[in-house]
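Reproduced below: final05.cif, with mmCIF, C-alpha atoms.
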data_entry
loop_
_atom_site.label_atom_id
_atom_site.label_comp_id
_atom_site.auth_asym_id
_atom_site.auth_seq_id
_atom_site.Cartn_x
_atom_site.Cartn_y
_atom_site.Cartn_z
CA MET A 3 0.00 0.00 0.00
CA SER A 4 1.43 3.38 -1.02
CA ASN A 5 2.10 6.01 1.63
CA GLY A 6 2.09 8.87 -0.88
CA PRO A 7 4.70 10.29 -3.22
CA ASP A 8 8.26 9.00 -3.24
CA PRO A 9 10.43 10.90 -0.69
CA ARG A 10 12.68 12.07 -3.54
CA THR A 11 9.70 13.52 -5.37
CA ARG A 12 8.60 15.29 -2.19
CA ALA A 13 12.11 16.67 -1.74
CA GLY A 14 12.14 17.97 -5.31
CA ALA A 15 8.75 19.59 -4.85
CA ALA A 16 10.00 21.33 -1.69
CA VAL A 17 13.07 22.65 -3.50
CA LYS A 18 10.92 24.01 -6.31
CA ALA A 19 8.41 25.55 -3.91
CA ALA A 20 11.19 27.37 -2.04
CA ASP A 21 12.63 28.57 -5.32
CA ARG A 22 9.29 29.92 -6.50
CA ALA A 23 8.72 31.63 -3.16
CA HIS A 24 12.05 33.43 -2.89
CA VAL A 25 14.38 33.23 -5.92
CA PHE A 26 14.25 35.94 -8.57
CA HIS A 27 15.59 34.46 -11.81
CA SER A 28 17.62 36.23 -14.46
CA TRP A 29 16.30 36.89 -17.99
CA SER A 30 12.84 35.58 -17.02
CA ALA A 31 9.24 36.59 -16.51
CA GLN A 32 9.01 35.25 -12.99
CA GLY A 33 5.47 33.91 -13.20
CA LEU A 34 6.01 32.07 -16.47
CA ILE A 35 8.96 29.84 -15.59
CA ASP A 36 9.09 26.33 -14.14
CA PRO A 37 12.69 25.63 -13.07
CA LEU A 38 13.85 22.03 -12.94
CA ALA A 39 14.84 21.02 -9.40
CA VAL A 40 18.30 19.49 -9.75
CA ALA A 41 19.40 16.84 -7.25
CA GLY A 42 22.95 16.22 -8.40
CA ALA A 43 25.48 16.08 -11.22
CA GLU A 44 28.61 14.20 -12.23
CA GLY A 45 30.75 14.29 -15.34
CA SER A 46 28.62 15.00 -18.40
CA TYR A 47 25.27 14.43 -16.66
CA PHE A 48 22.93 15.98 -14.12
CA TRP A 49 19.64 14.64 -12.74
CA ASP A 50 16.45 15.68 -11.01
CA TYR A 51 14.76 14.36 -7.87
CA ASP A 52 12.64 11.91 -9.85
CA GLY A 53 15.75 10.21 -11.18
CA ASN A 54 15.57 11.66 -14.69
CA ARG A 55 19.13 11.99 -15.98
CA TYR A 56 20.19 14.49 -18.64
CA LEU A 57 23.27 14.54 -20.84
CA ASP A 58 24.45 18.12 -20.47
CA PHE A 59 24.89 19.34 -24.05
CA SER A 60 24.78 22.91 -22.71
CA SER A 61 27.60 22.66 -20.14
CA GLN A 62 25.09 24.69 -18.11
CA LEU A 63 25.89 28.15 -19.51
CA VAL A 64 28.81 26.81 -21.56
CA ASN A 65 31.06 26.86 -18.51
CA THR A 66 31.44 23.35 -17.05
CA ASN A 67 34.38 22.63 -19.36
CA ILE A 68 35.76 19.90 -17.08
CA GLY A 69 32.32 18.49 -16.36
CA HIS A 70 30.41 18.33 -13.10
CA GLN A 71 32.02 17.50 -9.75
CA HIS A 72 35.55 16.87 -10.98
CA PRO A 73 37.12 15.27 -7.87
CA LYS A 74 40.43 17.15 -8.10
CA VAL A 75 38.69 20.52 -8.16
CA VAL A 76 36.24 19.63 -5.41
CA ALA A 77 39.15 18.49 -3.24
CA ALA A 78 41.11 21.68 -3.96
CA VAL A 79 38.21 23.89 -2.87
CA GLN A 80 37.75 21.82 0.29
CA GLU A 81 41.46 21.96 1.10
CA GLN A 82 41.64 25.71 0.52
CA ALA A 83 38.56 26.30 2.69
CA GLY A 84 40.33 24.50 5.53
CA ARG A 85 43.46 26.61 5.08
CA LEU A 86 42.30 30.14 4.17
CA CYS A 87 38.75 30.89 3.06
CA THR A 88 39.16 34.55 2.18
CA ILE A 89 41.56 37.45 2.24
CA ALA A 90 41.37 40.94 0.74
CA PRO A 91 42.74 41.53 -2.78
CA GLY A 92 45.55 43.77 -1.53
CA PHE A 93 47.47 40.88 0.04
CA ALA A 94 49.83 38.49 -1.73
CA VAL A 95 48.45 34.95 -1.48
CA ASP A 96 50.06 31.80 -2.83
CA VAL A 97 46.96 30.40 -4.53
CA ARG A 98 46.12 33.72 -6.21
CA SER A 99 49.65 34.10 -7.54
CA GLU A 100 49.68 30.52 -8.78
CA ALA A 101 46.35 30.92 -10.58
CA ALA A 102 47.65 34.08 -12.27
CA ARG A 103 50.88 32.32 -13.26
CA LEU A 104 49.07 29.34 -14.78
CA ILE A 105 46.74 31.59 -16.75
CA ALA A 106 49.57 33.85 -17.96
CA GLU A 107 51.53 30.80 -19.13
CA ARG A 108 48.68 29.92 -21.47
CA THR A 109 47.54 33.29 -22.78
CA PRO A 110 49.01 34.34 -26.13
CA GLY A 111 51.90 36.77 -26.41
CA ASP A 112 52.84 39.02 -23.50
CA LEU A 113 49.50 38.97 -21.68
CA ASP A 114 51.30 38.22 -18.45
CA LYS A 115 49.49 40.33 -15.84
CA ILE A 116 46.13 39.09 -14.57
CA PHE A 117 43.39 41.21 -13.01
CA PHE A 118 40.83 38.96 -11.33
CA THR A 119 37.09 39.60 -11.32
CA ASN A 120 34.06 37.61 -10.21
CA GLY A 121 32.89 36.78 -13.73
CA GLY A 122 32.89 37.63 -17.41
CA ALA A 123 30.81 40.81 -17.38
CA GLU A 124 33.07 42.42 -14.80
CA ALA A 125 36.07 41.33 -16.84
CA VAL A 126 34.68 43.17 -19.85
CA GLU A 127 33.85 46.22 -17.72
CA ASN A 128 37.43 46.44 -16.49
CA ALA A 129 39.01 45.73 -19.88
CA VAL A 130 37.04 48.62 -21.37
CA ARG A 131 38.02 50.88 -18.47
CA MET A 132 41.67 49.98 -18.95
CA ALA A 133 41.48 50.70 -22.68
CA ARG A 134 39.84 54.08 -22.17
CA LEU A 135 42.33 55.11 -19.52
CA HIS A 136 45.29 53.84 -21.54
CA THR A 137 44.28 55.72 -24.69
CA GLY A 138 42.42 58.69 -23.22
CA ARG A 139 39.65 58.05 -25.75
CA PRO A 140 35.93 57.49 -25.05
CA LYS A 141 34.48 55.14 -27.68
CA VAL A 142 34.47 51.35 -27.94
CA LEU A 143 33.45 49.44 -31.08
CA SER A 144 31.76 46.07 -30.70
CA ALA A 145 29.86 43.76 -33.02
CA TYR A 146 26.22 43.03 -33.56
CA ARG A 147 25.56 39.34 -32.85
CA SER A 148 27.59 39.43 -29.65
CA TYR A 149 27.15 39.08 -25.91
CA HIS A 150 29.54 40.62 -23.39
CA GLY A 151 27.58 40.60 -20.12
CA ALA A 152 24.76 42.35 -18.32
CA THR A 153 26.52 45.01 -16.23
CA ALA A 154 26.29 48.67 -17.25
CA ALA A 155 29.03 48.95 -19.87
CA ALA A 156 28.94 45.27 -20.88
CA ILE A 157 25.24 45.33 -21.75
CA HIS A 158 25.74 48.38 -23.98
CA LEU A 159 28.59 46.56 -25.71
CA THR A 160 26.37 43.52 -26.25
CA GLY A 161 24.94 43.24 -29.74
CA ASP A 162 21.97 40.93 -29.19
CA PRO A 163 18.42 41.85 -28.06
CA ARG A 164 19.20 41.47 -24.38
CA ARG A 165 20.74 44.94 -24.71
CA TRP A 166 17.55 46.66 -25.81
CA PRO A 167 15.73 47.18 -22.46
CA SER A 168 18.84 48.73 -20.87
CA ASP A 169 20.29 50.62 -23.84
CA SER A 170 20.45 54.34 -23.10
CA GLY A 171 22.37 55.01 -26.29
CA THR A 172 24.89 57.17 -24.44
CA ALA A 173 27.53 54.71 -23.34
CA GLY A 174 30.23 55.53 -25.89
CA VAL A 175 29.54 52.31 -27.83
CA VAL A 176 29.34 51.91 -31.61
CA HIS A 177 28.25 48.61 -33.12
CA PHE A 178 29.43 47.19 -36.43
CA TRP A 179 28.91 44.02 -38.46
CA ALA A 180 31.40 41.21 -37.96
CA PRO A 181 31.72 38.46 -40.60
CA PHE A 182 29.04 35.76 -40.85
CA LEU A 183 28.91 34.30 -44.33
CA TYR A 184 25.70 32.28 -43.89
CA ARG A 185 23.77 35.49 -43.21
CA SER A 186 26.24 37.91 -44.76
CA PRO A 187 25.44 41.61 -44.34
CA PHE A 188 27.91 42.23 -47.15
CA HIS A 189 26.32 40.07 -49.89
CA ALA A 190 29.48 37.97 -49.96
CA ARG A 191 29.62 34.61 -51.69
CA THR A 192 32.86 33.24 -50.27
CA GLU A 193 34.74 33.36 -46.97
CA GLU A 194 37.41 35.46 -48.67
CA GLU A 195 34.86 38.04 -49.83
CA GLU A 196 33.22 38.08 -46.41
CA CYS A 197 36.57 38.70 -44.71
CA GLU A 198 37.60 41.46 -47.11
CA ARG A 199 34.25 43.26 -46.96
CA ALA A 200 33.93 42.94 -43.18
CA LEU A 201 37.36 44.49 -42.71
CA ARG A 202 36.52 47.29 -45.13
CA HIS A 203 33.28 47.94 -43.23
CA LEU A 204 35.14 48.07 -39.92
CA GLU A 205 37.73 50.47 -41.33
CA ASP A 206 34.95 52.66 -42.72
CA THR A 207 33.27 52.66 -39.31
CA ILE A 208 36.53 53.68 -37.65
CA GLY A 209 36.99 56.43 -40.21
CA PHE A 210 33.51 57.88 -39.85
CA GLU A 211 33.58 57.68 -36.04
CA GLY A 212 37.01 59.32 -35.88
CA PRO A 213 39.98 57.09 -35.05
CA GLN A 214 41.17 59.58 -32.45
CA THR A 215 37.94 58.99 -30.48
CA ILE A 216 38.12 55.18 -30.37
CA ALA A 217 39.70 53.47 -27.37
CA ALA A 218 39.07 49.85 -28.28
CA VAL A 219 37.63 47.30 -30.65
CA LEU A 220 36.03 44.47 -28.66
CA LEU A 221 35.27 41.11 -30.26
CA GLU A 222 34.39 37.64 -29.07
CA THR A 223 37.15 35.59 -30.69
CA VAL A 224 34.46 33.08 -31.66
CA PRO A 225 31.03 34.53 -30.80
CA GLY A 226 29.21 32.23 -28.41
CA THR A 227 25.56 32.78 -27.56
CA ALA A 228 25.10 34.77 -30.76
CA GLY A 229 25.78 31.75 -32.93
CA ILE A 230 29.33 30.29 -32.81
CA MET A 231 30.44 31.99 -36.02
CA VAL A 232 34.10 31.03 -36.49
CA PRO A 233 35.72 34.04 -38.18
CA PRO A 234 37.18 33.55 -41.65
CA ALA A 235 40.93 33.19 -42.10
CA GLY A 236 42.62 36.55 -41.93
CA TYR A 237 39.82 38.49 -40.26
CA LEU A 238 41.23 38.76 -36.75
CA ALA A 239 44.68 39.47 -38.13
CA GLY A 240 43.10 42.24 -40.17
CA VAL A 241 41.42 43.71 -37.09
CA ARG A 242 44.76 43.56 -35.28
CA GLU A 243 46.36 45.52 -38.14
CA LEU A 244 43.62 48.17 -38.11
CA CYS A 245 43.99 48.60 -34.34
CA ASP A 246 47.75 48.97 -34.67
CA ARG A 247 47.38 51.50 -37.47
CA TYR A 248 45.03 53.75 -35.52
CA GLY A 249 46.40 53.27 -32.01
CA ILE A 250 43.28 51.37 -30.86
CA VAL A 251 43.34 48.73 -28.13
CA PHE A 252 42.29 45.29 -29.40
CA VAL A 253 40.24 43.37 -26.82
CA LEU A 254 39.28 39.72 -27.30
CA ASP A 255 36.44 38.35 -25.19
CA GLU A 256 37.23 34.69 -24.47
CA VAL A 257 34.77 34.31 -21.58
CA MET A 258 32.97 31.49 -23.40
CA ALA A 259 35.53 30.42 -26.01
CA GLY A 260 38.52 30.11 -23.68
CA PHE A 261 40.04 27.26 -21.69
CA GLY A 262 39.65 24.37 -24.10
CA ARG A 263 36.21 25.06 -25.52
CA THR A 264 37.48 25.37 -29.13
CA GLY A 265 40.08 22.64 -28.82
CA ARG A 266 42.85 25.09 -27.89
CA TRP A 267 43.57 26.78 -24.56
CA PHE A 268 42.30 30.02 -26.12
CA ALA A 269 40.44 30.49 -29.38
CA ALA A 270 42.98 33.16 -30.37
CA ASP A 271 45.51 30.34 -30.71
CA HIS A 272 43.70 29.15 -33.85
CA PHE A 273 44.36 32.45 -35.57
CA GLY A 274 47.85 33.43 -34.39
CA VAL A 275 46.57 36.75 -33.06
CA VAL A 276 47.62 38.46 -29.83
CA PRO A 277 45.20 41.05 -28.43
CA ASP A 278 46.14 43.84 -26.02
CA LEU A 279 43.58 42.64 -23.47
CA LEU A 280 41.86 39.28 -23.15
CA THR A 281 38.85 38.60 -20.92
CA PHE A 282 38.12 35.18 -19.44
CA ALA A 283 35.78 33.45 -16.96
CA LYS A 284 33.56 30.34 -17.22
CA GLY A 285 36.02 27.59 -18.23
CA VAL A 286 38.90 28.94 -16.13
CA ASN A 287 37.46 26.85 -13.27
CA SER A 288 34.28 25.50 -14.85
CA GLY A 289 32.22 27.85 -12.71
CA TYR A 290 32.80 25.83 -9.54
CA VAL A 291 33.38 29.15 -7.72
CA PRO A 292 32.70 32.50 -9.47
CA LEU A 293 35.86 33.77 -11.19
CA GLY A 294 36.82 35.84 -14.21
CA GLY A 295 39.54 38.22 -15.21
CA VAL A 296 41.51 40.27 -17.69
CA ALA A 297 44.89 39.24 -19.10
CA ILE A 298 46.86 42.44 -19.73
CA SER A 299 49.68 43.21 -22.15
CA ALA A 300 52.96 44.67 -20.94
CA GLU A 301 52.24 48.02 -22.60
CA ILE A 302 48.88 48.51 -20.94
CA ALA A 303 50.13 47.20 -17.59
CA ALA A 304 52.90 49.83 -17.78
CA THR A 305 50.26 52.57 -17.92
CA PHE A 306 49.38 51.73 -14.34
CA GLU A 307 52.91 51.15 -13.04
CA THR A 308 52.98 54.45 -11.14
CA ARG A 309 49.43 55.60 -11.85
CA PRO A 310 46.79 53.87 -9.72
CA TYR A 311 44.28 51.73 -11.57
CA PRO A 312 40.86 53.05 -10.47
CA GLY A 313 39.01 49.78 -10.15
CA GLY A 314 38.67 46.76 -7.91
CA LEU A 315 36.35 44.23 -6.30
CA THR A 316 36.11 42.93 -2.74
CA TYR A 317 36.37 39.35 -3.99
CA SER A 318 39.00 39.87 -6.70
CA GLY A 319 41.18 36.77 -6.72
CA HIS A 320 39.13 35.07 -4.01
CA PRO A 321 41.19 32.18 -2.56
CA LEU A 322 38.48 29.54 -3.05
CA ALA A 323 37.96 30.63 -6.66
CA CYS A 324 41.69 30.71 -7.36
CA ALA A 325 42.16 27.28 -5.79
CA SER A 326 39.51 25.89 -8.11
CA ALA A 327 41.23 27.57 -11.08
CA VAL A 328 44.62 26.09 -10.17
CA ALA A 329 43.10 22.63 -9.84
CA THR A 330 41.11 23.02 -13.06
CA ILE A 331 44.06 24.16 -15.18
CA ASN A 332 46.32 21.48 -13.78
CA ALA A 333 43.68 18.79 -14.35
CA MET A 334 43.14 19.99 -17.91
CA ALA A 335 46.87 19.76 -18.58
CA GLU A 336 47.43 16.42 -16.83
CA GLU A 337 44.38 14.72 -18.33
CA GLY A 338 44.66 16.07 -21.87
CA ILE A 339 41.25 17.71 -21.66
CA VAL A 340 41.97 20.39 -24.25
CA GLU A 341 43.25 17.72 -26.62
CA ASN A 342 40.13 15.65 -25.94
CA ALA A 343 37.93 18.60 -26.92
CA ALA A 344 39.83 18.94 -30.19
CA ARG A 345 39.63 15.21 -30.93
CA ILE A 346 35.94 14.85 -30.12
CA GLY A 347 35.23 17.88 -32.27
CA GLU A 348 37.09 16.60 -35.31
CA GLU A 349 36.39 12.87 -35.06
CA VAL A 350 32.87 12.75 -33.64
CA LEU A 351 30.97 16.04 -33.64
CA ARG A 352 32.04 17.45 -37.01
CA PRO A 353 31.16 14.32 -39.02
CA GLY A 354 28.20 13.44 -36.81
CA LEU A 355 26.59 16.85 -37.13
CA ALA A 356 27.24 16.85 -40.88
CA GLU A 357 25.34 13.55 -41.09
CA LEU A 358 22.43 15.08 -39.18
CA ALA A 359 22.40 18.04 -41.56
CA ALA A 360 22.25 15.67 -44.54
CA ARG A 361 19.22 13.87 -43.07
CA HIS A 362 17.23 16.79 -41.67
CA PRO A 363 15.89 19.61 -43.86
CA SER A 364 15.60 21.87 -40.81
CA VAL A 365 19.40 22.10 -40.50
CA GLY A 366 20.57 25.00 -42.63
CA GLU A 367 24.18 25.11 -41.50
CA VAL A 368 26.56 23.38 -39.10
CA ARG A 369 29.53 25.40 -37.85
CA GLY A 370 32.03 25.25 -35.03
CA THR A 371 35.21 23.71 -33.70
CA GLY A 372 36.24 21.67 -30.65
CA VAL A 373 33.17 21.23 -28.45
CA PHE A 374 31.72 24.53 -29.63
CA TRP A 375 29.12 23.98 -32.38
CA ALA A 376 25.89 25.50 -33.64
CA LEU A 377 23.12 24.13 -35.83
CA GLU A 378 21.25 26.87 -37.68
CA LEU A 379 17.65 25.65 -37.93
CA VAL A 380 15.59 26.94 -40.85
CA LYS A 381 12.15 26.66 -42.40
CA ASP A 382 13.58 26.65 -45.90
CA ARG A 383 17.14 25.78 -46.81
CA THR A 384 16.92 27.66 -50.09
CA THR A 385 15.80 31.00 -48.64
CA ARG A 386 17.51 30.38 -45.27
CA GLU A 387 14.41 31.65 -43.46
CA PRO A 388 15.00 30.94 -39.74
CA LEU A 389 12.85 28.29 -38.10
CA VAL A 390 11.56 31.04 -35.77
CA PRO A 391 11.73 34.82 -36.20
CA TYR A 392 14.58 36.83 -34.72
CA ASN A 393 14.07 37.22 -30.95
CA ALA A 394 10.80 35.28 -31.13
CA SER A 395 8.75 34.58 -28.02
CA GLY A 396 5.48 32.90 -27.14
CA ALA A 397 3.69 31.13 -29.98
CA ASP A 398 6.23 32.39 -32.52
CA ALA A 399 8.95 30.44 -30.73
CA ALA A 400 6.92 27.21 -30.56
CA PRO A 401 8.94 25.26 -33.15
CA MET A 402 12.15 25.71 -31.16
CA ALA A 403 10.33 24.98 -27.91
CA GLY A 404 9.07 21.73 -29.42
CA PHE A 405 12.58 20.77 -30.50
CA ALA A 406 13.97 21.50 -27.02
CA ALA A 407 11.20 19.48 -25.37
CA ALA A 408 12.00 16.53 -27.63
CA CYS A 409 15.64 16.74 -26.58
CA ARG A 410 14.71 16.67 -22.90
CA ARG A 411 12.37 13.72 -23.41
CA GLY A 412 15.32 11.90 -24.90
CA GLY A 413 17.50 12.64 -21.87
CA LEU A 414 19.53 15.49 -23.36
CA TRP A 415 19.64 19.06 -22.05
CA PRO A 416 20.10 21.38 -25.04
CA PHE A 417 21.38 24.93 -25.39
CA VAL A 418 18.78 26.71 -27.52
CA ASN A 419 18.91 30.35 -28.59
CA MET A 420 16.59 31.91 -31.17
CA ASN A 421 16.64 29.57 -34.20
CA ARG A 422 19.75 27.66 -33.17
CA THR A 423 20.72 24.76 -31.02
CA HIS A 424 24.31 24.80 -29.79
CA VAL A 425 26.24 21.60 -29.21
CA VAL A 426 28.47 22.58 -26.31
CA PRO A 427 29.10 19.61 -24.01
CA PRO A 428 31.93 19.48 -21.47
CA CYS A 429 35.46 19.28 -22.88
CA THR A 430 35.72 15.97 -20.98
CA ILE A 431 32.90 14.31 -22.91
CA THR A 432 33.66 10.79 -24.13
CA GLU A 433 33.13 9.50 -27.65
CA ALA A 434 30.28 7.29 -26.42
CA GLU A 435 28.58 10.22 -24.67
CA ALA A 436 28.95 12.44 -27.73
CA LYS A 437 27.37 9.77 -29.92
CA GLU A 438 24.57 9.34 -27.39
CA GLY A 439 23.85 13.05 -27.68
CA LEU A 440 23.93 12.98 -31.48
CA ALA A 441 21.39 10.15 -31.46
CA VAL A 442 19.01 12.21 -29.31
CA LEU A 443 19.47 15.22 -31.58
CA ASP A 444 18.69 13.01 -34.57
CA THR A 445 15.30 12.13 -33.08
CA ALA A 446 14.56 15.65 -31.81
CA LEU A 447 15.30 17.29 -35.16
CA SER A 448 12.29 15.50 -36.57
CA ALA A 449 10.20 17.92 -34.49
CA ALA A 450 11.94 20.82 -36.24
CA ASP A 451 11.60 19.15 -39.65
CA ALA A 452 7.82 19.25 -39.23
CA HIS A 453 7.97 23.04 -39.60
CA THR A 454 9.99 23.10 -42.83
CA VAL A 455 8.59 23.79 -46.28
#

Using the file provided, produce a representation of the structure as structure tokens.
Amino acid sequence: MSNGPDPRTRAGAAVKAADRAHVFHSWSAQGLIDPLAVAGAEGSYFWDYDGNRYLDFSSQLVNTNIGHQHPKVVAAVQEQAGRLCTIAPGFAVDVRSEAARLIAERTPGDLDKIFFTNGGAEAVENAVRMARLHTGRPKVLSAYRSYHGATAAAIHLTGDPRRWPSDSGTAGVVHFWAPFLYRSPFHARTEEEECERALRHLEDTIGFEGPQTIAAVLLETVPGTAGIMVPPAGYLAGVRELCDRYGIVFVLDEVMAGFGRTGRWFAADHFGVVPDLLTFAKGVNSGYVPLGGVAISAEIAATFETRPYPGGLTYSGHPLACASAVATINAMAEEGIVENAARIGEEVLRPGLAELAARHPSVGEVRGTGVFWALELVKDRTTREPLVPYNASGADAAPMAGFAAACRRGGLWPFVNMNRTHVVPPCTITEAEAKEGLAVLDTALSAADAHTV
């Protein structure tokens, strides 16, 4: 005879009830959401209180690069908590210095000084502040189809619709079009044309804005949430040349693309480009404890050698966060995690996603590298009409909602944005797990195919 719901189900219901009573969620209409109550996670999976297990093809917010509950990182946080939980940023601490050293060893070029923040948005805020103070100029150029964070300057620099409700239009930001051949704003037919025309457009923008007014050009090395558009060969080198010519600081945002996500330590390594400032977060410690930062070139660091840098955070370089970063970076090096991301990308995801595209008319394009991929879903491959309208919501977004629901029914948690699904599992994912995810996507894409013409 049953005594009522399973205790696990009751526990999950209590967690959800407490959440709904007290937690205010980001990017959400509070009364319209139904958060999943998560009971635990390990490796490439997480599960709810009813025992439903999900293959995490989102890496949460594309940050659990070493997977969930990596034992070496968990142990490092526990050990650090027993030794020194917190100390102000003004002190020299072994674990903070070691985290900075390990990061600086892996950043390109002479980006050898590390300013720690609590996350990616604050990293962008401080990089922009450094660029403006270094140059004495007010403006920053950033791309449409970008996301740089939700703090005051970062949200203005963002190029996607999340900027709109907070955009005052007075933040010294100018947006431009970066290359994206599939939906080219330049009517290009080849990657070479797209690169050439995008660089010409950027130079024109610099010219009409006044080079002497521009402090920085900010780009995601490989844009993340906006669509994982790998830039064409020569584009980033061309931006570097334009910045050098006009005395503009070149900032690369590697918050999402860094620390193994693209199959290299940093996405910039694919292109042989060294920026003046590089922002990071997410994968630096897989989000186990909030951490981000700015890697700073020698020239910009010298600006603040005898002149105080007017910025800081109470938790900059927090010992627990730095301990998790040290353990993460060391585990990635010792276990070949970056190499695994590259191998899975080339041997499993690239061919597997191409096969899905060949079978499903809703897949307009597959693009990416490492464990950083996007499927552009369309109604019509010929016209490239998106499966749902730009920034769709409600009934207009139903086709993508149906696809996402089919993924979850199959035991896969997808990353869905507008008309795209991103394939962004942990860098530690195994070949078998990747193939499991591809099989679920194969079934779920049938739901998207139903909306094609």

>> Just want the 12 Å neighbourhood of Ser28 of chain A, counted on only C-alpha atoms, with same-chain residues fewer than 4 positions away dropped. Output as a ChimeraX atom specification.
In response: /A:32,35,37,152,164

> Between A:Ser288, A:Thr11, A:Ser186, A:Asn419, which has the minimum distance to Tyr51 of chain A (counting all atoms listed in the file)?
Replying inline: A:Thr11

>> Would you compute the distance between atom CA of Ala239 of chain A and atom CA of Leu293 of chain A? Give it in Å to one decimal.
In response: 28.9 Å

With the cut-off set at 12 Å and counting all atoms listed in the file, tabulate each residue of segment 133-247 of chain A with an atom at most that distance from an atom of segment 298-311 of chain A, showing the nearest atom pair and its distance in Å to one decimal, ordered by chain and increasing number, as a tab-separated table.
residue	atom	partner	partner_atom	distance
A:Ala133	CA	A:Ile302	CA	7.9
A:Arg134	CA	A:Ile302	CA	10.7
A:Leu135	CA	A:Thr305	CA	8.5
A:His136	CA	A:Thr305	CA	6.3
A:Thr137	CA	A:Ile302	CA	9.3
A:Gly138	CA	A:Thr305	CA	11.3

Taking only C-alpha atoms into account, produce a table as a Markdown table in which each residue of segment 103-205 of chain A with an atom at most 10 Å from an atom of segment 328-332 of chain A appears once, together with its shortest atom pair and the distance in Å to one decimal, ordered by chain and rising number.
| residue | atom | partner | partner_atom | distance |
| --- | --- | --- | --- | --- |
| A:Arg103 | CA | A:Val328 | CA | 9.4 |
| A:Leu104 | CA | A:Val328 | CA | 7.2 |
| A:Ile105 | CA | A:Ile331 | CA | 8.1 |
| A:Arg108 | CA | A:Ile331 | CA | 9.7 |

>> I need the output of the PyMOL selection byres ((chain A and resi 338-345) around 7) for this file as a count of residues only; which residues are they?
In response: 18

> Can you tell me how far atom CA of Arg85 of chain A sits from atom CA of Val257 of chain A, in Å to one decimal?
Replying inline: 29.1 Å

> Which residue gives the smallest distance to Glu357 of chain A among A:Thr281, A:Trp415, A:His320, A:Asp444, with all atoms listed in the file counted?
Replying inline: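 Once distances to Glu357 of chain A are computed over all atoms listed in the file, the minimum belongs to A:Asp444.
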
>> Once the PyMOL selection byres ((chain A and resi 40) around 10) has been evaluated on this model, what residues remain selected, and can you format them as a PyMOL selection string?
In response: chain A and resi 14+17-18+37-39+41-43+48-55

> Closest to His453 of chain A among A:Leu63, A:Val365, A:Glu433, A:Tyr392, using all atoms listed in the file?
Replying inline: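 Checking each candidate against His453 of chain A, we get A:Val365 as the closest.
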
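If you measure from each of A:Ile250, A:Val455, A:Val25, A:Ala376 to Val224 of chain A using all atoms listed in the file, the closest one turns out to be A:Ala376.
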
>> Residues within 9 Å of segment 210-218 of chain A, please, as a ChimeraX atom specification. Count all atoms listed in the file; anything in the same chain fewer than 2 positions from it doesn't count.
In response: /A:130,133-144,176,205-208,220,245,248-253
